[in-house]
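**Student:** Enclosed is the structure file model-v1.tsv (TSV, N, CA and C atoms).
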chain	number	residue	atom	x	y	z
A	1325	MET	N	40.64	23.00	80.54
A	1325	MET	CA	41.91	22.76	79.91
A	1325	MET	C	42.93	23.73	80.49
A	1326	ALA	N	44.07	23.20	80.87
A	1326	ALA	CA	45.12	24.03	81.45
A	1326	ALA	C	45.88	24.76	80.36
A	1327	LEU	N	46.15	26.02	80.62
A	1327	LEU	CA	46.91	26.81	79.66
A	1327	LEU	C	48.40	26.56	79.79
A	1328	PHE	N	48.83	26.26	81.01
A	1328	PHE	CA	50.25	26.05	81.25
A	1328	PHE	C	50.45	24.69	81.90
A	1329	LYS	N	51.44	23.96	81.42
A	1329	LYS	CA	51.78	22.68	82.04
A	1329	LYS	C	52.89	22.91	83.05
A	1330	LYS	N	52.73	22.35	84.21
A	1330	LYS	CA	53.79	22.43	85.21
A	1330	LYS	C	54.88	21.46	84.77
A	1331	ARG	N	56.08	21.96	84.63
A	1331	ARG	CA	57.19	21.13	84.16
A	1331	ARG	C	58.23	21.04	85.26
A	1332	THR	N	58.70	19.84	85.50
A	1332	THR	CA	59.73	19.63	86.49
A	1332	THR	C	61.06	20.10	85.92
A	1333	VAL	N	61.72	20.97	86.65
A	1333	VAL	CA	63.00	21.49	86.21
A	1333	VAL	C	64.09	20.73	86.93
A	1334	GLY	N	65.02	20.19	86.17
A	1334	GLY	CA	66.11	19.44	86.77
A	1334	GLY	C	67.27	20.34	87.11
A	1335	LYS	N	68.15	19.81	87.90
A	1335	LYS	CA	69.36	20.52	88.27
A	1335	LYS	C	70.49	20.08	87.35
A	1336	PRO	N	71.33	20.97	86.93
A	1336	PRO	CA	72.48	20.56	86.13
A	1336	PRO	C	73.32	19.56	86.92
A	1337	GLY	N	73.76	18.53	86.25
A	1337	GLY	CA	74.57	17.51	86.91
A	1337	GLY	C	73.76	16.34	87.44
A	1338	GLU	N	72.44	16.41	87.40
A	1338	GLU	CA	71.59	15.27	87.79
A	1338	GLU	C	71.20	14.54	86.51
A	1339	TRP	N	71.46	13.26	86.48
A	1339	TRP	CA	71.18	12.46	85.30
A	1339	TRP	C	70.11	11.43	85.60
A	1340	TYR	N	69.27	11.17	84.61
A	1340	TYR	CA	68.16	10.22	84.74
A	1340	TYR	C	68.18	9.28	83.56
A	1341	TYR	N	67.56	8.11	83.75
A	1341	TYR	CA	67.37	7.18	82.65
A	1341	TYR	C	65.87	7.06	82.42
A	1342	CYS	N	65.41	7.43	81.22
A	1342	CYS	CA	63.99	7.37	80.89
A	1342	CYS	C	63.66	5.96	80.41
A	1343	LEU	N	62.70	5.34	81.07
A	1343	LEU	CA	62.29	3.97	80.73
A	1343	LEU	C	61.46	3.93	79.45
A	1344	VAL	N	60.74	4.99	79.15
A	1344	VAL	CA	59.89	5.04	77.96
A	1344	VAL	C	60.74	5.22	76.70
A	1345	HIS	N	61.62	6.21	76.75
A	1345	HIS	CA	62.43	6.54	75.57
A	1345	HIS	C	63.75	5.78	75.54
A	1346	GLN	N	64.07	5.08	76.65
A	1346	GLN	CA	65.31	4.32	76.79
A	1346	GLN	C	66.53	5.17	76.45
A	1347	LYS	N	66.58	6.33	77.12
A	1347	LYS	CA	67.71	7.24	76.90
A	1347	LYS	C	68.06	7.95	78.20
A	1348	VAL	N	69.27	8.45	78.23
A	1348	VAL	CA	69.76	9.22	79.36
A	1348	VAL	C	69.41	10.68	79.14
A	1349	GLU	N	68.99	11.35	80.20
A	1349	GLU	CA	68.65	12.77	80.09
A	1349	GLU	C	69.22	13.52	81.29
A	1350	GLU	N	69.70	14.73	81.05
A	1350	GLU	CA	70.20	15.56	82.15
A	1350	GLU	C	69.03	16.37	82.68
A	1351	GLY	N	68.79	16.23	83.95
A	1351	GLY	CA	67.61	16.86	84.53
A	1351	GLY	C	66.39	16.07	84.08
A	1352	PRO	N	65.35	16.01	84.88
A	1352	PRO	CA	64.19	15.20	84.51
A	1352	PRO	C	63.41	15.84	83.36
A	1353	GLU	N	63.35	15.16	82.25
A	1353	GLU	CA	62.54	15.61	81.13
A	1353	GLU	C	61.20	14.89	81.11
A	1354	CYS	N	61.21	13.65	81.55
A	1354	CYS	CA	60.01	12.82	81.54
A	1354	CYS	C	59.44	12.71	82.96
A	1355	PRO	N	58.18	12.29	83.09
A	1355	PRO	CA	57.55	12.15	84.41
A	1355	PRO	C	58.31	11.17	85.30
A	1356	ALA	N	58.24	11.38	86.59
A	1356	ALA	CA	58.95	10.55	87.56
A	1356	ALA	C	58.59	9.07	87.43
A	1357	LYS	N	57.35	8.77	87.06
A	1357	LYS	CA	56.93	7.37	86.95
A	1357	LYS	C	57.64	6.65	85.80
A	1358	ASP	N	58.27	7.39	84.91
A	1358	ASP	CA	58.91	6.81	83.73
A	1358	ASP	C	60.42	6.87	83.77
A	1359	ARG	N	61.02	7.12	84.94
A	1359	ARG	CA	62.47	7.27	84.94
A	1359	ARG	C	63.12	6.71	86.20
A	1360	PHE	N	64.39	6.40	86.08
A	1360	PHE	CA	65.25	6.03	87.21
A	1360	PHE	C	66.18	7.20	87.46
A	1361	GLY	N	66.51	7.45	88.70
A	1361	GLY	CA	67.48	8.49	89.01
A	1361	GLY	C	67.03	9.32	90.18
A	1362	PRO	N	67.78	10.31	90.54
A	1362	PRO	CA	68.91	10.89	89.81
A	1362	PRO	C	70.20	10.12	90.05
A	1363	TYR	N	71.08	10.20	89.07
A	1363	TYR	CA	72.43	9.65	89.14
A	1363	TYR	C	73.41	10.81	89.10
A	1364	THR	N	74.62	10.57	89.59
A	1364	THR	CA	75.61	11.64	89.66
A	1364	THR	C	76.38	11.83	88.37
A	1365	SER	N	76.30	10.86	87.45
A	1365	SER	CA	77.02	11.00	86.19
A	1365	SER	C	76.21	10.39	85.05
A	1366	ARG	N	76.54	10.80	83.84
A	1366	ARG	CA	75.90	10.26	82.64
A	1366	ARG	C	76.17	8.76	82.53
A	1367	GLU	N	77.40	8.36	82.83
A	1367	GLU	CA	77.78	6.95	82.73
A	1367	GLU	C	76.97	6.08	83.69
A	1368	GLU	N	76.78	6.59	84.91
A	1368	GLU	CA	75.99	5.85	85.90
A	1368	GLU	C	74.55	5.69	85.41
A	1369	ALA	N	73.98	6.74	84.83
A	1369	ALA	CA	72.61	6.66	84.30
A	1369	ALA	C	72.52	5.71	83.12
A	1370	GLN	N	73.59	5.63	82.31
A	1370	GLN	CA	73.58	4.72	81.15
A	1370	GLN	C	73.50	3.27	81.60
A	1371	HIS	N	73.97	2.98	82.80
A	1371	HIS	CA	73.96	1.61	83.32
A	1371	HIS	C	72.81	1.36	84.28
A	1372	ALA	N	71.78	2.20	84.23
A	1372	ALA	CA	70.66	2.10	85.17
A	1372	ALA	C	69.97	0.74	85.10
A	1373	MET	N	69.76	0.23	83.90
A	1373	MET	CA	69.07	-1.06	83.77
A	1373	MET	C	69.94	-2.20	84.29
A	1374	ASP	N	71.25	-2.13	84.08
A	1374	ASP	CA	72.15	-3.14	84.62
A	1374	ASP	C	72.14	-3.12	86.14
A	1375	THR	N	72.15	-1.91	86.70
A	1375	THR	CA	72.10	-1.77	88.15
A	1375	THR	C	70.80	-2.34	88.70
A	1376	ALA	N	69.70	-2.07	88.04
A	1376	ALA	CA	68.40	-2.60	88.48
A	1376	ALA	C	68.38	-4.12	88.42
A	1377	LYS	N	68.93	-4.70	87.35
A	1377	LYS	CA	68.97	-6.17	87.23
A	1377	LYS	C	69.82	-6.78	88.34
A	1378	GLU	N	70.98	-6.16	88.64
A	1378	GLU	CA	71.84	-6.66	89.71
A	1378	GLU	C	71.13	-6.60	91.06
A	1379	ARG	N	70.45	-5.50	91.32
A	1379	ARG	CA	69.75	-5.37	92.60
A	1379	ARG	C	68.60	-6.36	92.71
A	1380	ASN	N	67.87	-6.55	91.63
A	1380	ASN	CA	66.77	-7.52	91.64
A	1380	ASN	C	67.30	-8.92	91.92
A	1381	LEU	N	68.41	-9.28	91.30
A	1381	LEU	CA	69.01	-10.60	91.54
A	1381	LEU	C	69.43	-10.75	93.00
A	1382	GLU	N	70.02	-9.69	93.57
A	1382	GLU	CA	70.41	-9.74	94.98
A	1382	GLU	C	69.19	-9.94	95.87
A	1383	TRP	N	68.11	-9.22	95.59
A	1383	TRP	CA	66.90	-9.35	96.41
A	1383	TRP	C	66.27	-10.73	96.25
A	1384	GLU	N	66.26	-11.24	95.02
A	1384	GLU	CA	65.64	-12.55	94.78
A	1384	GLU	C	66.40	-13.67	95.46
A	1385	THR	N	67.70	-13.50	95.65
A	1385	THR	CA	68.50	-14.56	96.26
A	1385	THR	C	68.81	-14.29	97.73
A	1386	ASP	N	68.28	-13.22	98.29
A	1386	ASP	CA	68.52	-12.88	99.70
A	1386	ASP	C	67.60	-13.72	100.58
A	1387	PRO	N	68.18	-14.56	101.44
A	1387	PRO	CA	67.34	-15.44	102.27
A	1387	PRO	C	66.44	-14.67	103.25
A	1388	LYS	N	66.79	-13.44	103.59
A	1388	LYS	CA	65.95	-12.66	104.52
A	1388	LYS	C	64.59	-12.32	103.91
A	1389	TRP	N	64.47	-12.33	102.58
A	1389	TRP	CA	63.24	-11.91	101.93
A	1389	TRP	C	62.36	-13.08	101.49
A	1390	HIS	N	62.74	-14.29	101.85
A	1390	HIS	CA	61.94	-15.45	101.46
A	1390	HIS	C	61.26	-16.03	102.69
A	1391	ASP	N	60.02	-16.46	102.50
A	1391	ASP	CA	59.29	-17.11	103.59
A	1391	ASP	C	59.90	-18.47	103.85
A	1392	SER	N	59.72	-18.95	105.05
A	1392	SER	CA	60.21	-20.28	105.36
A	1392	SER	C	59.39	-21.32	104.59
A	1393	ALA	N	59.99	-22.46	104.37
A	1393	ALA	CA	59.34	-23.51	103.60
A	1393	ALA	C	58.17	-24.12	104.35
A	1394	THR	N	58.22	-24.11	105.67
A	1394	THR	CA	57.12	-24.69	106.45
A	1394	THR	C	56.26	-23.57	107.01
A	1395	PRO	N	54.95	-23.72	106.95
A	1395	PRO	CA	54.07	-22.68	107.49
A	1395	PRO	C	54.18	-22.64	109.02
A	1396	PRO	N	53.96	-21.49	109.61
A	1396	PRO	CA	54.01	-21.40	111.08
A	1396	PRO	C	52.89	-22.22	111.71
A	1397	GLU	N	53.17	-22.74	112.89
A	1397	GLU	CA	52.16	-23.52	113.60
A	1397	GLU	C	51.12	-22.61	114.22
A	1398	THR	N	49.89	-23.08	114.20
A	1398	THR	CA	48.81	-22.32	114.80
A	1398	THR	C	48.16	-23.14	115.90
A	1399	ASP	N	47.65	-22.44	116.89
A	1399	ASP	CA	46.93	-23.15	117.97
A	1399	ASP	C	45.49	-23.31	117.52
A	1400	ALA	N	45.04	-24.55	117.45
A	1400	ALA	CA	43.67	-24.80	117.01
A	1400	ALA	C	42.80	-25.21	118.14
Translate this file's structure into structure tokens.
**Tutor:**
Amino acid sequence: MALFKKRTVGKPGEWYYCLVHQKVEEGPECPAKDRFGPYTSREEAQHAMDTAKERNLEWETDPKWHDSATPPETDA
């Protein structure tokens, strides 16, 4: 059993959005796997989920990321 937990110390002015607690935090309070960021402002971190939804929509509709409808020809 560890006597001391290693804690990530954030920098003042870095903002994160915690996915578990669904809240904005200055400096990382929660593990990296549970947060988005860093963001440069509290307001930017508050809109983290909106930003993620917009980016996902862009990627889903980007023709460069979709396979062609016809499979490639193979030499048999």
**Student:** Rounded to one decimal, what separation in Å do you get between CA of Glu1353 (chain A) and CA of Glu1367 (chain A)?
**Tutor:**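 Spanning CA of Glu1353 (chain A) to CA of Glu1367 (chain A) is a straight-line distance of 17.6 Å.
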**Student:** So which one's closest to Tyr1341 (chain A), A:Leu1381, A:Arg1359, A:Thr1364, A:Thr1375? Using all atoms listed in the file, please.
**Tutor:**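 Residue with the minimum atom-to-atom distance to Tyr1341 (chain A): A:Arg1359.
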**Student:** Can you tell me how far CA of Asn1380 (chain A) sits from CA of Leu1343 (chain A), in Å to one decimal?
**Tutor:** 16.5 Å
**Student:** From region 1344-1389 of chain A, collect each residue whose DSSP state is strand (DSSP E or B) and return the set as JSON, numbers by chain.
**Tutor:** {"A": [1347, 1348, 1349, 1350, 1359, 1360, 1361, 1362, 1363]}
**Student:** Counting all atoms listed in the file, which residue out of A:Asp1374, A:Val1348, A:Arg1379, A:Tyr1340 sits closest to Phe1360 (chain A)?
**Tutor:**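 Nearest candidate to Phe1360 (chain A) out of A:Asp1374, A:Val1348, A:Arg1379, A:Tyr1340: A:Tyr1340.
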**Student:** So, with only N, CA and C atoms as the atoms that count, which of A:Arg1366, A:His1371, A:Ala1376, A:Lys1335 lies closest to Gly1351 (chain A)?
**Tutor:**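 Ranking A:Arg1366, A:His1371, A:Ala1376, A:Lys1335 by distance to Gly1351 (chain A), first place goes to A:Lys1335.
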**Student:** Write out as a VMD selection string all residues of region 1338-1391 of chain A that DSSP puts in helix (DSSP H, G or I) for this structure's backbone.
**Tutor:** chain A and resid 1356 to 1358 1366 to 1370 1372 to 1384 1387 to 1389
**Student:** Would you compute the distance between CA of Ser1365 (chain A) and CA of Glu1382 (chain A)? Give it in Å to one decimal.
**Tutor:**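 So the answer is 23.5 Å.
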**Student:** Name the closest residue to Glu1338 (chain A) among the candidates A:Pro1352, A:Glu1378, A:Glu1384, A:Asp1358; distances are taken between atoms, counting only N, CA and C atoms.
**Tutor:** A:Pro1352
**Student:** For Glu1350 (chain A), which of A:Gln1370, A:Pro1336, A:Pro1387, A:Lys1377 is the closest residue, counting all atoms listed in the file?
**Tutor:**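 For Glu1350 (chain A), the nearest of the candidates is A:Pro1336.
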